[in-house]
file input-v7.csv (CSV, C-alpha atoms and all ligand atoms)
chain,number,residue,atom,x,y,z
A,1264,MET,CA,0.0,0.0,0.0
A,1265,SER,CA,1.5,3.4,-0.9
A,1266,ARG,CA,2.0,6.0,1.8
A,1267,PHE,CA,-0.7,8.1,0.4
A,1268,SER,CA,-3.3,5.4,0.3
A,1269,ARG,CA,-2.3,4.2,3.8
A,1270,ARG,CA,-2.7,7.7,5.2
A,1271,THR,CA,-6.1,8.0,3.4
A,1272,CYS,CA,-7.1,4.7,4.9
A,1273,LEU,CA,-6.0,5.7,8.4
A,1274,LYS,CA,-7.9,9.0,8.1
A,1275,ALA,CA,-11.0,7.2,6.9
A,1276,ALA,CA,-10.8,4.7,9.8
A,1277,SER,CA,-10.5,7.5,12.4
A,1278,CYS,CA,-13.4,9.3,10.8
A,1279,ALA,CA,-15.4,6.2,10.9
A,1280,THR,CA,-14.5,5.7,14.6
A,1281,ALA,CA,-15.5,9.3,15.4
A,1282,LEU,CA,-18.8,8.9,13.5
A,1283,SER,CA,-19.6,5.6,15.3
A,1284,LEU,CA,-18.8,7.3,18.7
A,1285,LEU,CA,-21.1,10.2,17.8
A,1286,GLY,CA,-23.7,7.7,16.8
A,1287,GLY,CA,-23.3,6.0,20.1
A,1288,ALA,CA,-23.7,9.2,22.0
A,1289,ARG,CA,-26.9,10.0,20.0
A,1290,ALA,CA,-28.2,6.5,20.8
A,1291,ALA,CA,-27.4,7.0,24.5
A,1292,ASP,CA,-29.3,10.4,24.4
A,1293,LYS,CA,-32.3,8.6,23.0
A,1294,ALA,CA,-32.1,5.7,25.4
A,1295,GLU,CA,-34.9,5.3,28.0
A,1296,PRO,CA,-33.8,6.6,31.4
A,1297,ARG,CA,-33.0,3.6,33.6
A,1298,LEU,CA,-35.3,5.1,36.2
A,1299,LEU,CA,-37.7,3.3,38.5
A,1300,THR,CA,-40.2,5.1,40.9
A,1301,VAL,CA,-41.2,2.9,43.8
A,1302,TYR,CA,-44.0,4.2,46.1
A,1303,PHE,CA,-46.0,3.3,49.1
A,1304,SER,CA,-49.3,5.2,49.6
A,1305,TRP,CA,-52.2,4.6,51.9
A,1306,SER,CA,-54.5,7.6,51.0
A,1307,GLY,CA,-53.2,8.5,47.6
A,1308,SER,CA,-51.0,11.5,48.0
A,1309,SER,CA,-47.7,9.7,47.5
A,1310,LYS,CA,-49.3,7.9,44.5
A,1311,THR,CA,-50.1,11.3,43.0
A,1312,VAL,CA,-46.5,12.5,43.6
A,1313,ALA,CA,-45.0,9.2,42.2
A,1314,GLU,CA,-47.2,9.5,39.1
A,1315,GLU,CA,-46.1,13.1,38.6
A,1316,VAL,CA,-42.5,11.9,38.8
A,1317,GLN,CA,-43.1,9.3,36.1
A,1318,ARG,CA,-45.0,11.9,33.9
A,1319,LEU,CA,-42.0,14.3,34.1
A,1320,ALA,CA,-39.0,12.0,34.3
A,1321,GLY,CA,-40.3,8.8,32.5
A,1322,GLY,CA,-39.2,5.4,33.5
A,1323,ASP,CA,-41.2,2.6,35.3
A,1324,ILE,CA,-43.3,2.7,38.4
A,1325,VAL,CA,-44.1,0.2,41.1
A,1326,ARG,CA,-46.6,0.4,44.0
A,1327,LEU,CA,-45.7,-1.3,47.2
A,1328,GLU,CA,-48.7,-3.1,48.6
A,1329,THR,CA,-48.9,-5.3,51.7
A,1330,VAL,CA,-50.3,-8.8,51.8
A,1331,GLU,CA,-52.6,-7.6,54.6
A,1332,PRO,CA,-54.1,-4.3,53.4
A,1333,TYR,CA,-54.3,-1.4,55.9
A,1334,PRO,CA,-57.7,-0.6,57.3
A,1335,GLU,CA,-59.9,2.0,55.6
A,1336,SER,CA,-60.1,4.0,58.9
A,1337,TYR,CA,-57.4,6.5,59.7
A,1338,ASN,CA,-57.4,5.7,63.4
A,1339,ASP,CA,-57.1,2.0,62.8
A,1340,THR,CA,-54.3,2.5,60.4
A,1341,VAL,CA,-52.5,4.7,62.9
A,1342,GLU,CA,-53.0,2.0,65.6
A,1343,ARG,CA,-51.6,-0.7,63.3
A,1344,SER,CA,-48.7,1.4,62.1
A,1345,LYS,CA,-47.7,2.1,65.7
A,1346,LYS,CA,-47.8,-1.5,66.6
A,1347,GLU,CA,-45.6,-2.4,63.6
A,1348,ARG,CA,-43.1,0.3,64.5
A,1349,GLU,CA,-42.9,-0.8,68.1
A,1350,ALA,CA,-42.4,-4.4,67.0
A,1351,ASN,CA,-39.9,-3.3,64.3
A,1352,ALA,CA,-42.0,-5.4,62.0
A,1353,ARG,CA,-41.5,-6.0,58.3
A,1354,PRO,CA,-45.1,-6.3,56.9
A,1355,ALA,CA,-45.0,-8.8,54.0
A,1356,LEU,CA,-45.4,-7.3,50.6
A,1357,LYS,CA,-47.6,-8.7,47.9
A,1358,THR,CA,-45.7,-6.6,45.3
A,1359,ALA,CA,-43.2,-8.6,43.4
A,1360,LEU,CA,-39.7,-7.1,43.8
A,1361,PRO,CA,-38.6,-5.3,40.7
A,1362,ASP,CA,-35.3,-6.3,38.9
A,1363,LEU,CA,-33.2,-3.5,40.0
A,1364,ASP,CA,-30.3,-4.4,37.6
A,1365,LYS,CA,-32.4,-2.7,35.0
A,1366,TYR,CA,-32.2,0.7,36.7
A,1367,ASP,CA,-29.5,3.1,37.9
A,1368,THR,CA,-31.8,5.6,39.5
A,1369,ILE,CA,-34.6,4.9,42.0
A,1370,VAL,CA,-37.2,7.4,43.1
A,1371,LEU,CA,-38.6,6.4,46.5
A,1372,ALA,CA,-41.9,8.0,47.4
A,1373,HIS,CA,-43.9,7.4,50.6
A,1374,ALA,CA,-45.9,9.0,53.3
A,1375,ILE,CA,-44.5,9.9,56.7
A,1376,TRP,CA,-46.0,7.8,59.5
A,1377,SER,CA,-45.2,8.8,63.1
A,1378,GLY,CA,-42.4,10.9,61.9
A,1379,CYS,CA,-40.7,8.0,60.1
A,1380,MET,CA,-41.0,5.8,57.0
A,1381,PRO,CA,-43.9,3.3,57.0
A,1382,MET,CA,-42.6,-0.2,57.9
A,1383,PRO,CA,-43.6,-1.7,54.5
A,1384,VAL,CA,-41.0,0.7,53.0
A,1385,ARG,CA,-38.5,-0.9,55.3
A,1386,THR,CA,-39.6,-4.3,54.1
A,1387,PHE,CA,-38.8,-3.2,50.6
A,1388,LEU,CA,-35.4,-1.6,51.5
A,1389,ASP,CA,-34.4,-4.7,53.5
A,1390,ALA,CA,-35.1,-6.9,50.4
A,1391,VAL,CA,-33.1,-4.9,47.9
A,1392,ASP,CA,-29.6,-3.5,47.6
A,1393,LEU,CA,-29.4,0.1,46.4
A,1394,SER,CA,-25.6,0.2,46.6
A,1395,GLY,CA,-24.3,2.4,43.8
A,1396,LYS,CA,-27.7,3.4,42.7
A,1397,ARG,CA,-28.8,7.1,42.6
A,1398,VAL,CA,-31.7,7.4,45.0
A,1399,ALA,CA,-34.1,10.4,44.9
A,1400,HIS,CA,-36.2,10.3,48.0
A,1401,VAL,CA,-39.6,12.2,48.3
A,1402,THR,CA,-42.1,12.1,51.2
A,1403,THR,CA,-45.6,13.3,51.6
A,1404,HIS,CA,-46.7,14.4,55.0
A,1405,GLY,CA,-49.0,16.5,57.2
A,1406,GLY,CA,-46.3,18.8,58.5
A,1407,SER,CA,-43.3,16.6,59.4
A,1408,GLY,CA,-41.5,17.1,56.1
A,1409,LEU,CA,-39.0,14.3,55.7
A,1410,GLY,CA,-39.2,13.5,59.4
A,1411,ARG,CA,-36.6,10.9,60.3
A,1412,SER,CA,-37.1,9.0,57.1
A,1413,HIS,CA,-34.1,10.3,55.2
A,1414,VAL,CA,-31.8,9.4,58.1
A,1415,GLU,CA,-33.4,6.0,58.2
A,1416,LEU,CA,-32.8,5.6,54.4
A,1417,ALA,CA,-29.2,6.6,54.7
A,1418,GLN,CA,-28.7,4.0,57.6
A,1419,ILE,CA,-30.4,1.2,55.7
A,1420,GLU,CA,-28.7,1.9,52.4
A,1421,PRO,CA,-25.3,3.3,53.3
A,1422,GLU,CA,-23.8,2.7,49.8
A,1423,ALA,CA,-26.6,4.3,47.9
A,1424,LEU,CA,-25.9,7.7,46.2
A,1425,LEU,CA,-28.6,9.8,47.9
A,1426,LEU,CA,-29.7,12.8,45.9
A,1427,GLU,CA,-31.2,15.9,47.4
A,1428,PRO,CA,-34.5,14.8,49.0
A,1429,HIS,CA,-37.8,16.5,48.7
A,1430,ASP,CA,-41.1,16.7,50.7
A,1431,VAL,CA,-44.6,17.6,49.6
A,1432,TYR,CA,-47.5,18.5,51.8
A,1433,GLY,CA,-50.0,15.7,51.4
A,1434,TRP,CA,-52.6,15.7,54.2
A,1435,HIS,CA,-56.0,15.3,52.6
A,1436,GLY,CA,-54.5,15.8,49.1
A,1437,VAL,CA,-51.3,17.1,47.7
A,1438,ARG,CA,-50.8,20.9,47.9
A,1439,ASN,CA,-47.6,21.8,46.1
A,1440,LEU,CA,-47.4,19.3,43.3
A,1441,GLU,CA,-45.6,21.8,41.1
A,1442,SER,CA,-42.6,21.7,43.4
A,1443,VAL,CA,-42.0,18.1,42.1
A,1444,GLY,CA,-41.0,19.4,38.7
A,1445,ALA,CA,-38.6,22.0,40.1
A,1446,TRP,CA,-37.0,19.4,42.4
A,1447,LEU,CA,-36.6,16.9,39.5
A,1448,LYS,CA,-34.9,19.6,37.4
A,1449,ARG,CA,-32.5,20.5,40.3
A,1450,ILE,CA,-31.4,16.9,40.7
A,1451,GLY,CA,-31.1,16.4,36.9
A,1452,LEU,CA,-34.0,13.9,36.4
A,1453,ALA,CA,-36.2,16.2,34.3
A,1454,ARG,CA,-35.7,19.1,31.9
A,1501,LIG,C1,-50.7,6.1,60.1
A,1501,LIG,C2,-50.4,7.5,59.7
A,1501,LIG,C3,-49.4,8.2,60.4
A,1501,LIG,C4,-49.1,9.5,60.1
A,1501,LIG,N1,-48.1,10.2,60.7
A,1501,LIG,C5,-47.8,11.4,60.3
A,1501,LIG,C6,-46.7,12.1,61.0
A,1501,LIG,O1,-46.1,11.7,61.9
A,1501,LIG,N2,-46.4,13.3,60.5
A,1501,LIG,C7,-47.0,13.9,59.4
A,1501,LIG,O2,-46.6,15.0,59.0
A,1501,LIG,N3,-48.0,13.3,58.8
A,1501,LIG,C8,-48.4,12.0,59.2
A,1501,LIG,N4,-49.4,11.4,58.6
A,1501,LIG,C9,-50.1,12.0,57.4
A,1501,LIG,C10,-49.5,11.5,56.1
A,1501,LIG,O3,-48.1,11.5,56.2
A,1501,LIG,C11,-49.9,12.4,55.0
A,1501,LIG,O4,-51.3,12.6,54.9
A,1501,LIG,C12,-49.4,11.8,53.7
A,1501,LIG,O5,-49.4,12.7,52.6
A,1501,LIG,C13,-50.3,10.6,53.2
A,1501,LIG,O6,-49.7,10.0,52.1
A,1501,LIG,P1,-50.5,8.8,51.3
A,1501,LIG,O7,-51.8,9.5,50.9
A,1501,LIG,O8,-49.6,8.5,50.2
A,1501,LIG,O9,-50.7,7.7,52.3
A,1501,LIG,C14,-49.8,10.1,59.0
A,1501,LIG,C15,-50.8,9.4,58.3
A,1501,LIG,C16,-51.1,8.1,58.7
A,1501,LIG,C17,-52.1,7.3,57.9
call {"tool": "encode", "arguments": {"input": "input-v7.csv", "output": "C-alpha cells"}}
result
Amino acid sequence: MSRFSRRTCLKAASCATALSLLGGARAADKAEPRLLTVYFSWSGSSKTVAEEVQRLAGGDIVRLETVEPYPESYNDTVERSKKEREANARPALKTALPDLDKYDTIVLAHAIWSGCMPMPVRTFLDAVDLSGKRVAHVTTHGGSGLGRSHVELAQIEPEALLLEPHDVYGWHGVRNLESVGAWLKRIGLAR
C-alpha cells in the first residue's frame, strides 16, 4: 500500500470511529432513562407524587402493597402502624420485587408515619440492595417534612448515592405538586 493510500485509509478509519462514537452518543441520548419510581401510599398523596415523577421523568413505576391491606379507617391505620413500629415489624409485601439491575436511578416516594418511613417501605429496603444506585427520596406528610425518614434511608442503604431529598405536603390531598418538577430539574431527572 502506498504512503498516500495508507494515510487515506487511516484517516477514513479514524473518521469512521469518530462517527460511530457520535452515533453511540446519540443513541445514548435517546435511550430510555433507567429510572424506577417505587412508592407506598395509603390515602393516595404519595401515589399522586409518584405519578407526577413518572410523567415528568419517565421510567417505570411500582406500587408497594402489603399482603394484609391497611384498614380504611385512619385511626385503625395509625394504631396498626404504631404496633408495627414498636415491634420493628416488616409487613409482608404482595408486590413482586422489581429487577433493580435494569435501573440506575430509583425514586422512592412514601408518606410519613409517626415521623418516620412506614414499615412496608423498610420491608422493601431490606429486600433490595441500592448500593451504587442514585436514589431520589420524596415524602408526603402533614407537617413533618422528611421526618426521620431520610436518616433512616441513609442508615439502611449506606452505599446508595442519595440525591437531594424533597417533601410535599399531602394531608387530605397534595398541595404543592408543582414543586416536584422543580425538584426533578434540580437533581437532573427532568428538563
Ligand atoms: C398512620 C399514619 C401516620 C401519620 N403520621 C404522620 C406524621 O407523623 N407526620 C405527618 O406529618 N403526617 C403524618 N401522617 C399524614 C401522612 O403522612 C400524609 O397525609 C401523607 O401525605 C399521606 O400519604 P399517602 O396518601 O400517600 O398515604 C400520617 C398518616 C397516617 C395514615
call {"tool": "residues_near_ligand", "arguments": {"input": "input-v7.csv", "ligand": "ligand LIG 1501 (chain A)", "cutoff": "10 Å", "atoms": "all atoms listed in the file", "output": "PyMOL selection string"}}
result
chain A and resi 1302-1313+1333-1345+1372-1381+1402-1411+1430-1438
call {"tool": "atom_distance", "arguments": {"input": "input-v7.csv", "atom1": "CA of Leu1424 in chain A", "atom2": "CA of Lys1448 in chain A"}}
result
17.3 Å
call {"tool": "closest_residue", "arguments": {"input": "input-v7.csv", "among": "A:Arg1353, A:Arg1297, A:Lys1396, A:Arg1454", "to": "Thr1329 in chain A", "atoms": "only C-alpha atoms"}}
result
A:Arg1353
call {"tool": "residues_near_point", "arguments": {"input": "input-v7.csv", "point": "(-40.9, -5.7, 45.9)", "cutoff": "12 Å", "atoms": "all atoms listed in the file", "output": "PyMOL selection string"}}
result
chain A and resi 1300-1303+1324-1330+1354-1363+1383-1392
call {"tool": "residues_around", "arguments": {"input": "input-v7.csv", "residues": "Leu1452 in chain A", "least_positions_apart": "5", "cutoff": "12 Å", "atoms": "only C-alpha atoms", "output": "JSON, numbers by chain"}}
result
{"A": [1296, 1297, 1298, 1299, 1300, 1316, 1317, 1318, 1319, 1320, 1321, 1322, 1367, 1368, 1369, 1370, 1397, 1398, 1399, 1426, 1427, 1443, 1444, 1445, 1446, 1447]}
call {"tool": "atom_distance", "arguments": {"input": "input-v7.csv", "atom1": "CA of Glu1315 in chain A", "atom2": "CA of Leu1440 in chain A"}}
result
7.9 Å
call {"tool": "atom_distance", "arguments": {"input": "input-v7.csv", "atom1": "CA of Pro1428 in chain A", "atom2": "CA of Ser1412 in chain A"}}
result
10.3 Å
